[in-house]
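my_file-v1.txt follows (compact mmCIF, C-alpha atoms):
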```
# COMPACT_ATOMS: atom_id res chain seq x y z
CA MET A 1373 130.72 104.68 93.54
CA LEU A 1374 128.78 103.56 90.48
CA ALA A 1375 128.46 100.06 91.91
CA GLU A 1376 127.17 101.47 95.20
CA ALA A 1377 124.62 103.62 93.35
CA ALA A 1378 123.47 100.62 91.32
CA GLN A 1379 123.06 98.59 94.50
CA THR A 1380 121.02 101.37 96.10
CA ASN A 1381 118.79 101.67 93.04
CA SER A 1382 118.23 97.91 93.05
CA ALA A 1383 117.29 97.94 96.74
CA ASN A 1384 114.95 100.89 96.18
CA ALA A 1385 113.30 99.09 93.26
CA GLN A 1386 112.64 96.05 95.45
CA ILE A 1387 111.15 98.21 98.18
CA VAL A 1388 108.96 100.12 95.74
CA ALA A 1389 107.74 96.78 94.37
CA ALA A 1390 106.86 95.69 97.91
CA LEU A 1391 104.97 98.94 98.46
CA ARG A 1392 103.05 98.52 95.20
CA GLN A 1393 102.09 94.98 96.12
CA ALA A 1394 101.04 96.03 99.62
CA SER A 1395 98.93 98.82 98.13
CA ALA A 1396 97.19 96.38 95.81
CA GLU A 1397 96.62 93.77 98.53
CA THR A 1398 95.46 96.12 101.27
CA GLY A 1399 93.64 98.73 99.21
CA SER A 1400 95.83 101.49 100.62
CA ASP A 1401 97.28 104.45 98.73
CA PHE A 1402 100.63 103.61 97.10
CA ARG A 1403 101.70 107.25 97.06
CA TYR A 1404 101.05 107.56 100.79
CA LEU A 1405 103.03 104.39 101.54
CA LEU A 1406 105.94 105.55 99.39
CA ARG A 1407 106.04 109.05 100.84
CA THR A 1408 105.74 107.77 104.39
CA ALA A 1409 108.56 105.28 103.89
CA MET A 1410 110.68 108.07 102.41
CA ARG A 1411 109.99 110.35 105.37
CA GLU A 1412 110.51 107.65 107.96
CA SER A 1413 113.60 105.84 106.72
CA GLY A 1414 114.71 107.15 103.34
CA LEU A 1415 113.56 103.76 101.97
CA LYS A 1416 116.12 101.95 104.13
CA SER A 1417 114.56 98.75 105.41
CA GLN A 1418 117.35 98.31 107.98
CA ALA A 1419 116.98 101.81 109.48
CA GLN A 1420 117.26 101.96 113.28
CA SER A 1421 116.44 104.98 115.41
CA SER A 1422 118.99 106.19 117.95
CA THR A 1423 116.38 107.79 120.21
CA SER A 1424 113.74 105.04 120.49
CA SER A 1425 113.07 101.42 119.56
CA ALA A 1426 111.80 102.48 116.12
CA CYS A 1427 113.09 100.26 113.35
CA GLY A 1428 112.56 99.35 109.71
CA LEU A 1429 111.04 100.91 106.64
CA PHE A 1430 108.19 102.58 108.55
CA GLN A 1431 109.97 102.93 111.91
CA PHE A 1432 107.44 101.05 114.02
CA VAL A 1433 108.47 100.88 117.69
CA ASP A 1434 108.60 97.58 119.56
CA GLN A 1435 105.24 97.76 121.32
CA THR A 1436 103.34 98.86 118.23
CA TRP A 1437 104.88 96.08 116.17
CA LEU A 1438 104.24 93.37 118.75
CA GLY A 1439 100.64 94.50 118.97
CA LEU A 1440 100.21 94.40 115.20
CA ILE A 1441 101.66 90.90 114.93
CA LYS A 1442 99.69 89.64 117.94
CA GLN A 1443 96.37 90.85 116.60
CA ASN A 1444 96.93 90.17 112.91
CA GLY A 1445 99.79 87.73 112.49
CA ALA A 1446 97.60 84.71 111.81
CA LYS A 1447 95.89 86.54 108.94
CA TYR A 1448 99.25 86.92 107.21
CA GLY A 1449 100.68 83.46 107.82
CA LEU A 1450 102.41 84.58 111.00
CA GLY A 1451 100.23 82.70 113.46
CA ALA A 1452 103.24 81.09 115.11
CA CYS A 1453 104.62 84.53 115.85
CA ALA A 1454 101.29 85.79 117.15
CA GLU A 1455 101.04 82.88 119.57
CA LYS A 1456 104.36 83.84 121.12
CA ILE A 1457 103.11 87.31 122.04
CA ALA A 1458 101.12 87.87 125.22
CA SER A 1459 99.20 90.95 126.34
CA ASP A 1460 99.16 92.06 129.97
CA GLY A 1461 95.67 93.49 129.55
CA ASN A 1462 96.92 97.06 129.83
CA GLY A 1463 98.04 97.50 126.25
CA ARG A 1464 101.57 96.15 126.78
CA TYR A 1465 102.91 93.16 124.89
CA GLY A 1466 105.65 90.70 125.79
CA VAL A 1467 107.34 87.54 124.52
CA ALA A 1468 108.57 84.89 126.96
CA GLN A 1469 111.67 83.86 125.02
CA LYS A 1470 114.21 86.57 124.20
CA ALA A 1471 115.17 84.85 120.94
CA ASP A 1472 111.53 84.75 119.82
CA ARG A 1473 111.05 88.42 120.67
CA GLU A 1474 114.10 89.44 118.67
CA ALA A 1475 113.00 87.33 115.70
CA ILE A 1476 109.50 88.84 115.67
CA LEU A 1477 110.84 92.38 115.96
CA ALA A 1478 113.27 91.64 113.14
CA LEU A 1479 110.29 91.26 110.80
CA ARG A 1480 110.11 95.05 110.74
CA LYS A 1481 113.13 94.90 108.45
CA ASP A 1482 111.30 92.74 105.91
CA PRO A 1483 109.92 95.23 103.33
CA ARG A 1484 106.91 93.09 102.48
CA VAL A 1485 105.78 92.56 106.06
CA ALA A 1486 106.42 96.20 106.96
CA ALA A 1487 104.59 97.48 103.87
CA LEU A 1488 101.55 95.28 104.44
CA MET A 1489 101.29 96.30 108.06
CA ALA A 1490 101.72 99.96 107.17
CA GLY A 1491 99.05 99.68 104.47
CA GLU A 1492 96.49 98.13 106.78
CA PHE A 1493 97.43 100.46 109.62
CA SER A 1494 96.93 103.48 107.38
CA LYS A 1495 93.42 102.32 106.47
CA GLN A 1496 92.47 101.80 110.08
CA THR A 1497 93.92 105.09 111.31
CA ARG A 1498 92.22 106.95 108.47
CA ALA A 1499 88.86 105.47 109.47
CA MET A 1500 89.46 106.40 113.10
CA LEU A 1501 90.42 109.97 112.21
CA GLN A 1502 87.42 110.39 109.93
CA ALA A 1503 85.11 109.12 112.66
CA SER A 1504 86.68 111.47 115.21
CA LEU A 1505 86.74 114.54 112.98
CA GLY A 1506 83.56 113.91 111.03
CA ARG A 1507 85.25 114.60 107.69
CA ASP A 1508 87.79 113.26 105.23
CA VAL A 1509 91.45 113.57 106.15
CA ASN A 1510 94.34 114.58 103.94
CA GLU A 1511 97.63 112.76 103.55
CA GLY A 1512 99.44 114.96 106.04
CA GLU A 1513 96.82 114.34 108.71
CA LEU A 1514 97.02 110.62 108.07
CA TYR A 1515 100.78 110.87 108.43
CA ALA A 1516 100.28 112.63 111.77
CA ALA A 1517 98.42 109.52 112.92
CA HIS A 1518 101.39 107.40 111.87
CA PHE A 1519 103.78 109.14 114.22
CA LEU A 1520 101.48 110.30 117.02
CA GLY A 1521 98.82 107.61 116.93
CA PRO A 1522 95.24 108.29 115.79
CA ALA A 1523 93.95 109.69 119.10
CA ALA A 1524 96.85 112.11 119.51
CA ALA A 1525 96.69 113.07 115.84
CA ALA A 1526 93.02 113.93 116.21
CA ARG A 1527 93.97 116.12 119.18
CA LEU A 1528 96.71 117.84 117.16
CA ILE A 1529 94.25 118.58 114.36
CA ALA A 1530 91.67 119.91 116.82
CA MET A 1531 94.27 122.05 118.61
CA LYS A 1532 95.37 123.52 115.28
CA SER A 1533 91.98 125.25 115.22
CA SER A 1534 91.36 125.82 118.93
CA SER A 1535 94.85 126.70 120.22
CA PRO A 1536 97.29 126.91 117.30
CA GLU A 1537 99.92 128.87 119.26
CA ALA A 1538 100.10 126.33 122.10
CA ASN A 1539 103.44 124.70 122.89
CA ALA A 1540 103.43 121.44 120.90
CA ALA A 1541 106.17 119.84 123.01
CA ASP A 1542 104.07 120.35 126.14
CA ALA A 1543 101.03 118.89 124.42
CA PHE A 1544 102.90 115.83 123.11
CA PRO A 1545 105.92 115.37 125.42
CA GLN A 1546 106.67 111.75 124.57
CA ALA A 1547 106.76 112.35 120.82
CA ALA A 1548 108.74 115.55 121.34
CA ALA A 1549 111.41 113.74 123.36
CA ALA A 1550 111.98 111.25 120.54
CA ASN A 1551 111.74 113.80 117.72
CA ARG A 1552 113.31 117.06 118.81
CA ASN A 1553 113.79 118.40 115.29
CA VAL A 1554 110.04 118.10 114.71
CA PHE A 1555 109.02 119.86 117.93
CA TYR A 1556 111.89 122.32 118.47
CA ARG A 1557 113.48 125.04 116.38
CA ALA A 1558 117.20 125.27 115.67
CA ASP A 1559 117.65 127.69 118.57
CA GLY A 1560 116.08 125.19 120.99
CA SER A 1561 112.75 126.95 121.40
CA ALA A 1562 109.60 124.86 121.19
CA LYS A 1563 107.43 124.94 118.09
CA THR A 1564 103.73 125.70 118.19
CA VAL A 1565 100.94 123.28 117.42
CA ARG A 1566 100.38 125.10 114.14
CA GLU A 1567 104.03 124.61 113.14
CA VAL A 1568 103.96 120.88 113.87
CA TYR A 1569 100.68 120.50 112.01
CA ASP A 1570 102.11 122.40 109.04
CA TRP A 1571 105.13 120.12 109.10
CA THR A 1572 102.89 117.07 108.70
CA GLN A 1573 101.49 118.62 105.52
CA LYS A 1574 104.83 118.80 103.76
CA GLN A 1575 105.72 116.05 101.28
CA PRO A 1576 109.22 114.64 100.83
CA CYS A 1577 111.45 116.91 98.71
CA ALA A 1578 108.65 119.39 98.24
CA GLY A 1579 110.11 122.12 100.41
CA ALA A 1580 106.61 123.49 100.82
CA PRO A 1581 106.21 126.68 102.85
CA ALA A 1582 104.29 126.58 106.10
CA ASP A 1583 101.31 128.28 104.44
CA ALA A 1584 101.23 125.88 101.49
CA PRO A 1585 97.81 124.46 100.52
CA ALA A 1586 96.74 121.41 102.48
CA ALA A 1587 97.58 118.00 101.11
CA LYS A 1588 94.90 116.26 99.09
CA PRO A 1589 92.54 113.80 100.78
CA VAL A 1590 93.84 110.24 100.83
CA THR A 1591 91.89 107.76 98.74
CA ALA A 1592 92.17 104.01 98.91
CA ALA A 1593 94.36 102.39 96.27
CA ALA A 1594 94.72 105.62 94.32
CA PRO A 1595 96.63 105.06 91.05
CA LEU A 1596 99.69 107.04 90.14
CA GLN A 1597 98.68 110.37 88.71
CA GLU A 1598 100.37 113.12 86.74
CA GLY A 1599 103.42 114.36 88.62
CA ASP A 1600 104.04 111.13 90.52
CA ASP A 1601 106.89 110.33 88.13
CA LEU A 1602 108.68 113.24 89.80
CA LEU A 1603 108.15 111.59 93.16
CA MET A 1604 109.52 108.32 91.81
CA GLY A 1605 112.57 110.20 90.63
CA THR A 1606 113.42 111.36 94.15
CA LEU A 1607 114.11 107.94 95.63
CA GLY A 1608 117.61 109.03 96.56
CA TRP A 1609 116.12 111.56 99.00
CA GLN A 1610 117.10 111.11 102.65
CA PRO A 1611 114.86 111.93 105.63
CA SER A 1612 115.69 115.20 107.35
CA ARG A 1613 114.94 113.63 110.72
CA PRO A 1614 116.45 110.11 110.77
CA ASN A 1615 115.71 109.69 114.47
CA PHE A 1616 111.97 109.89 113.95
CA SER A 1617 109.86 107.11 115.46
CA ALA A 1618 106.49 105.95 114.20
CA LEU A 1619 104.21 106.05 117.23
CA SER A 1620 105.88 106.75 120.55
CA ASP A 1621 106.82 103.73 122.66
CA GLY A 1622 103.85 102.65 124.72
CA ASP A 1623 101.18 103.82 122.30
CA ASP A 1624 98.56 101.25 121.48
CA ALA A 1625 98.54 99.20 118.29
CA LYS A 1626 95.23 98.67 116.51
CA SER A 1627 93.90 95.56 114.77
CA LEU A 1628 94.05 95.33 111.00
CA ALA A 1629 91.87 93.68 108.38
CA PRO A 1630 92.86 90.25 106.99
CA MET A 1631 94.57 90.02 103.63
CA PRO A 1632 96.41 87.15 101.87
CA PHE A 1633 100.14 87.14 102.43
CA LEU A 1634 102.90 85.21 100.65
CA LEU A 1635 105.71 84.22 103.02
CA THR A 1636 109.16 85.30 101.88
CA PRO A 1637 112.29 83.23 102.57
CA GLY A 1638 113.30 85.68 105.28
CA VAL A 1639 109.96 85.37 107.05
CA MET A 1640 110.09 81.59 106.78
CA ASP A 1641 113.51 81.65 108.44
CA VAL A 1642 112.04 83.64 111.32
CA LEU A 1643 109.18 81.18 111.73
CA ALA A 1644 111.55 78.22 111.59
CA GLY A 1645 113.75 79.76 114.27
CA LEU A 1646 111.01 80.26 116.87
CA VAL A 1647 111.43 78.26 120.06
CA PRO A 1648 108.88 75.38 120.00
CA SER A 1649 106.01 75.83 122.42
CA HIS A 1650 105.40 73.10 124.99
CA ARG A 1651 101.76 72.54 125.71
```
Would it be possible to restate this file's structure as structure tokens?
Amino acid sequence: MLAEAAQTNSANAQIVAALRQASAETGSDFRYLLRTAMRESGLKSQAQSSTSSACGLFQFVDQTWLGLIKQNGAKYGLGACAEKIASDGNGRYGVAQKADREAILALRKDPRVAALMAGEFSKQTRAMLQASLGRDVNEGELYAAHFLGPAAAARLIAMKSSSPEANAADAFPQAAAANRNVFYRADGSAKTVREVYDWTQKQPCAGAPADAPAAKPVTAAAPLQEGDDLLMGTLGWQPSRPNFSALSDGDDAKSLAPMPFLLTPGVMDVLAGLVPSHR
């Protein structure tokens, strides 16, 4: 048991290091990346959803991931992967060779690649939410964009004010189908928009009540502050909803800003294994 605990701590330390590096390279908030990874996968880079194609540290679904790699792979040394991905013009992405597709999707399990993509994605979704809402967004609202997508998250936030008692499962049926414990109560009844919004505001391990104060606004590359040592001490926490998927299948993936990226041995193996293109 001690050996297993030591192995888990070592894996967590490597993941936290990847998150720190991604925060520094992308200018995203380390605390947000850490908390999101904890909520999504319990810091398990190999996590696989049983209700959708969501996979990896941040539980990106297939279509979202293919879109991210297609639009941004070359900026991170993954140009060969990006070239293998084709868009049908309607927001859907495909890969001709099954082996190539599986290899590209497997990159979700690489903590460095996943963390960098999550960092850049968080910056873009924050900008989109701020433009839509006309104000700063807090960490919980940014997290809502991670699992609903920025457009749907903006709608959730707007509905929280305009129709807070509306049936959230009816408003977001695709997300509700993949995440029943987020959208339904223990007795099977549907939660309201207000309840789902309040859920996004809760931090891992916090056990905050539904009427707890809103999360603080997210700031780029925010340093660790007083109290974050407590967060770091909860790395053994497990997500209460392991079947959660980041962005429902079919949602669009947005382009990210370029940042330098150092290829890891695992990523190099993926690149080396791609089927050569014949031009």
Go ahead and compute the interatomic distance for atom CA of A:Leu1501 and atom CA of A:Leu1429, in Å to one decimal. 23.2 Å
Option closest in space to A:Thr1497, from A:Gln1469, A:Gln1431, A:Asn1539, A:Ser1400 [counting only C-alpha atoms]: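 Going through A:Gln1469, A:Gln1431, A:Asn1539, A:Ser1400 one by one, the smallest distance to A:Thr1497 is for A:Ser1400.
The neighbours of A:Ala1389 here are the residues that come within 10 Å of it, using all atoms listed in the file and leaving out any residue fewer than 6 positions away in the same chain; they are A:Ala1383, A:Ser1395, A:Pro1483, A:Arg1484.
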For the atom pair atom CA of A:Ser1504 and atom CA of A:Tyr1569, what is the interatomic distance in Å to one decimal place?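 Spanning atom CA of A:Ser1504 to atom CA of A:Tyr1569 is a straight-line distance of 17.0 Å.
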Determine the nearest neighbour of A:Ala1525 from the options A:Val1565, A:Val1642, A:Ala1468, A:Ala1549, counting all atoms listed in the file.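 Among the listed residues, the smallest separation from A:Ala1525 belongs to A:Val1565.
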For A:Ala1490, work out the shell of residues within 12 Å, counting only C-alpha atoms and skipping chain neighbours fewer than 6 positions away, then give it as a CSV table (one decimal) with C-alpha atoms, in the frame of the given file.
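Saved file selection_38.csv follows:
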```csv
chain,number,residue,atom,x,y,z
A,1390,ALA,CA,106.9,95.7,97.9
A,1391,LEU,CA,105.0,98.9,98.5
A,1394,ALA,CA,101.0,96.0,99.6
A,1395,SER,CA,98.9,98.8,98.1
A,1397,GLU,CA,96.6,93.8,98.5
A,1398,THR,CA,95.5,96.1,101.3
A,1399,GLY,CA,93.6,98.7,99.2
A,1400,SER,CA,95.8,101.5,100.6
A,1401,ASP,CA,97.3,104.4,98.7
A,1402,PHE,CA,100.6,103.6,97.1
A,1404,TYR,CA,101.0,107.6,100.8
A,1405,LEU,CA,103.0,104.4,101.5
A,1406,LEU,CA,105.9,105.6,99.4
A,1407,ARG,CA,106.0,109.0,100.8
A,1408,THR,CA,105.7,107.8,104.4
A,1409,ALA,CA,108.6,105.3,103.9
A,1412,GLU,CA,110.5,107.6,108.0
A,1428,GLY,CA,112.6,99.4,109.7
A,1429,LEU,CA,111.0,100.9,106.6
A,1430,PHE,CA,108.2,102.6,108.6
A,1431,GLN,CA,110.0,102.9,111.9
A,1432,PHE,CA,107.4,101.0,114.0
A,1436,THR,CA,103.3,98.9,118.2
A,1437,TRP,CA,104.9,96.1,116.2
A,1440,LEU,CA,100.2,94.4,115.2
A,1441,ILE,CA,101.7,90.9,114.9
A,1480,ARG,CA,110.1,95.0,110.7
A,1483,PRO,CA,109.9,95.2,103.3
A,1484,ARG,CA,106.9,93.1,102.5
A,1496,GLN,CA,92.5,101.8,110.1
A,1497,THR,CA,93.9,105.1,111.3
A,1498,ARG,CA,92.2,107.0,108.5
A,1514,LEU,CA,97.0,110.6,108.1
A,1515,TYR,CA,100.8,110.9,108.4
A,1517,ALA,CA,98.4,109.5,112.9
A,1518,HIS,CA,101.4,107.4,111.9
A,1519,PHE,CA,103.8,109.1,114.2
A,1618,ALA,CA,106.5,106.0,114.2
A,1625,ALA,CA,98.5,99.2,118.3
A,1626,LYS,CA,95.2,98.7,116.5
A,1627,SER,CA,93.9,95.6,114.8
A,1628,LEU,CA,94.0,95.3,111.0
A,1629,ALA,CA,91.9,93.7,108.4
```
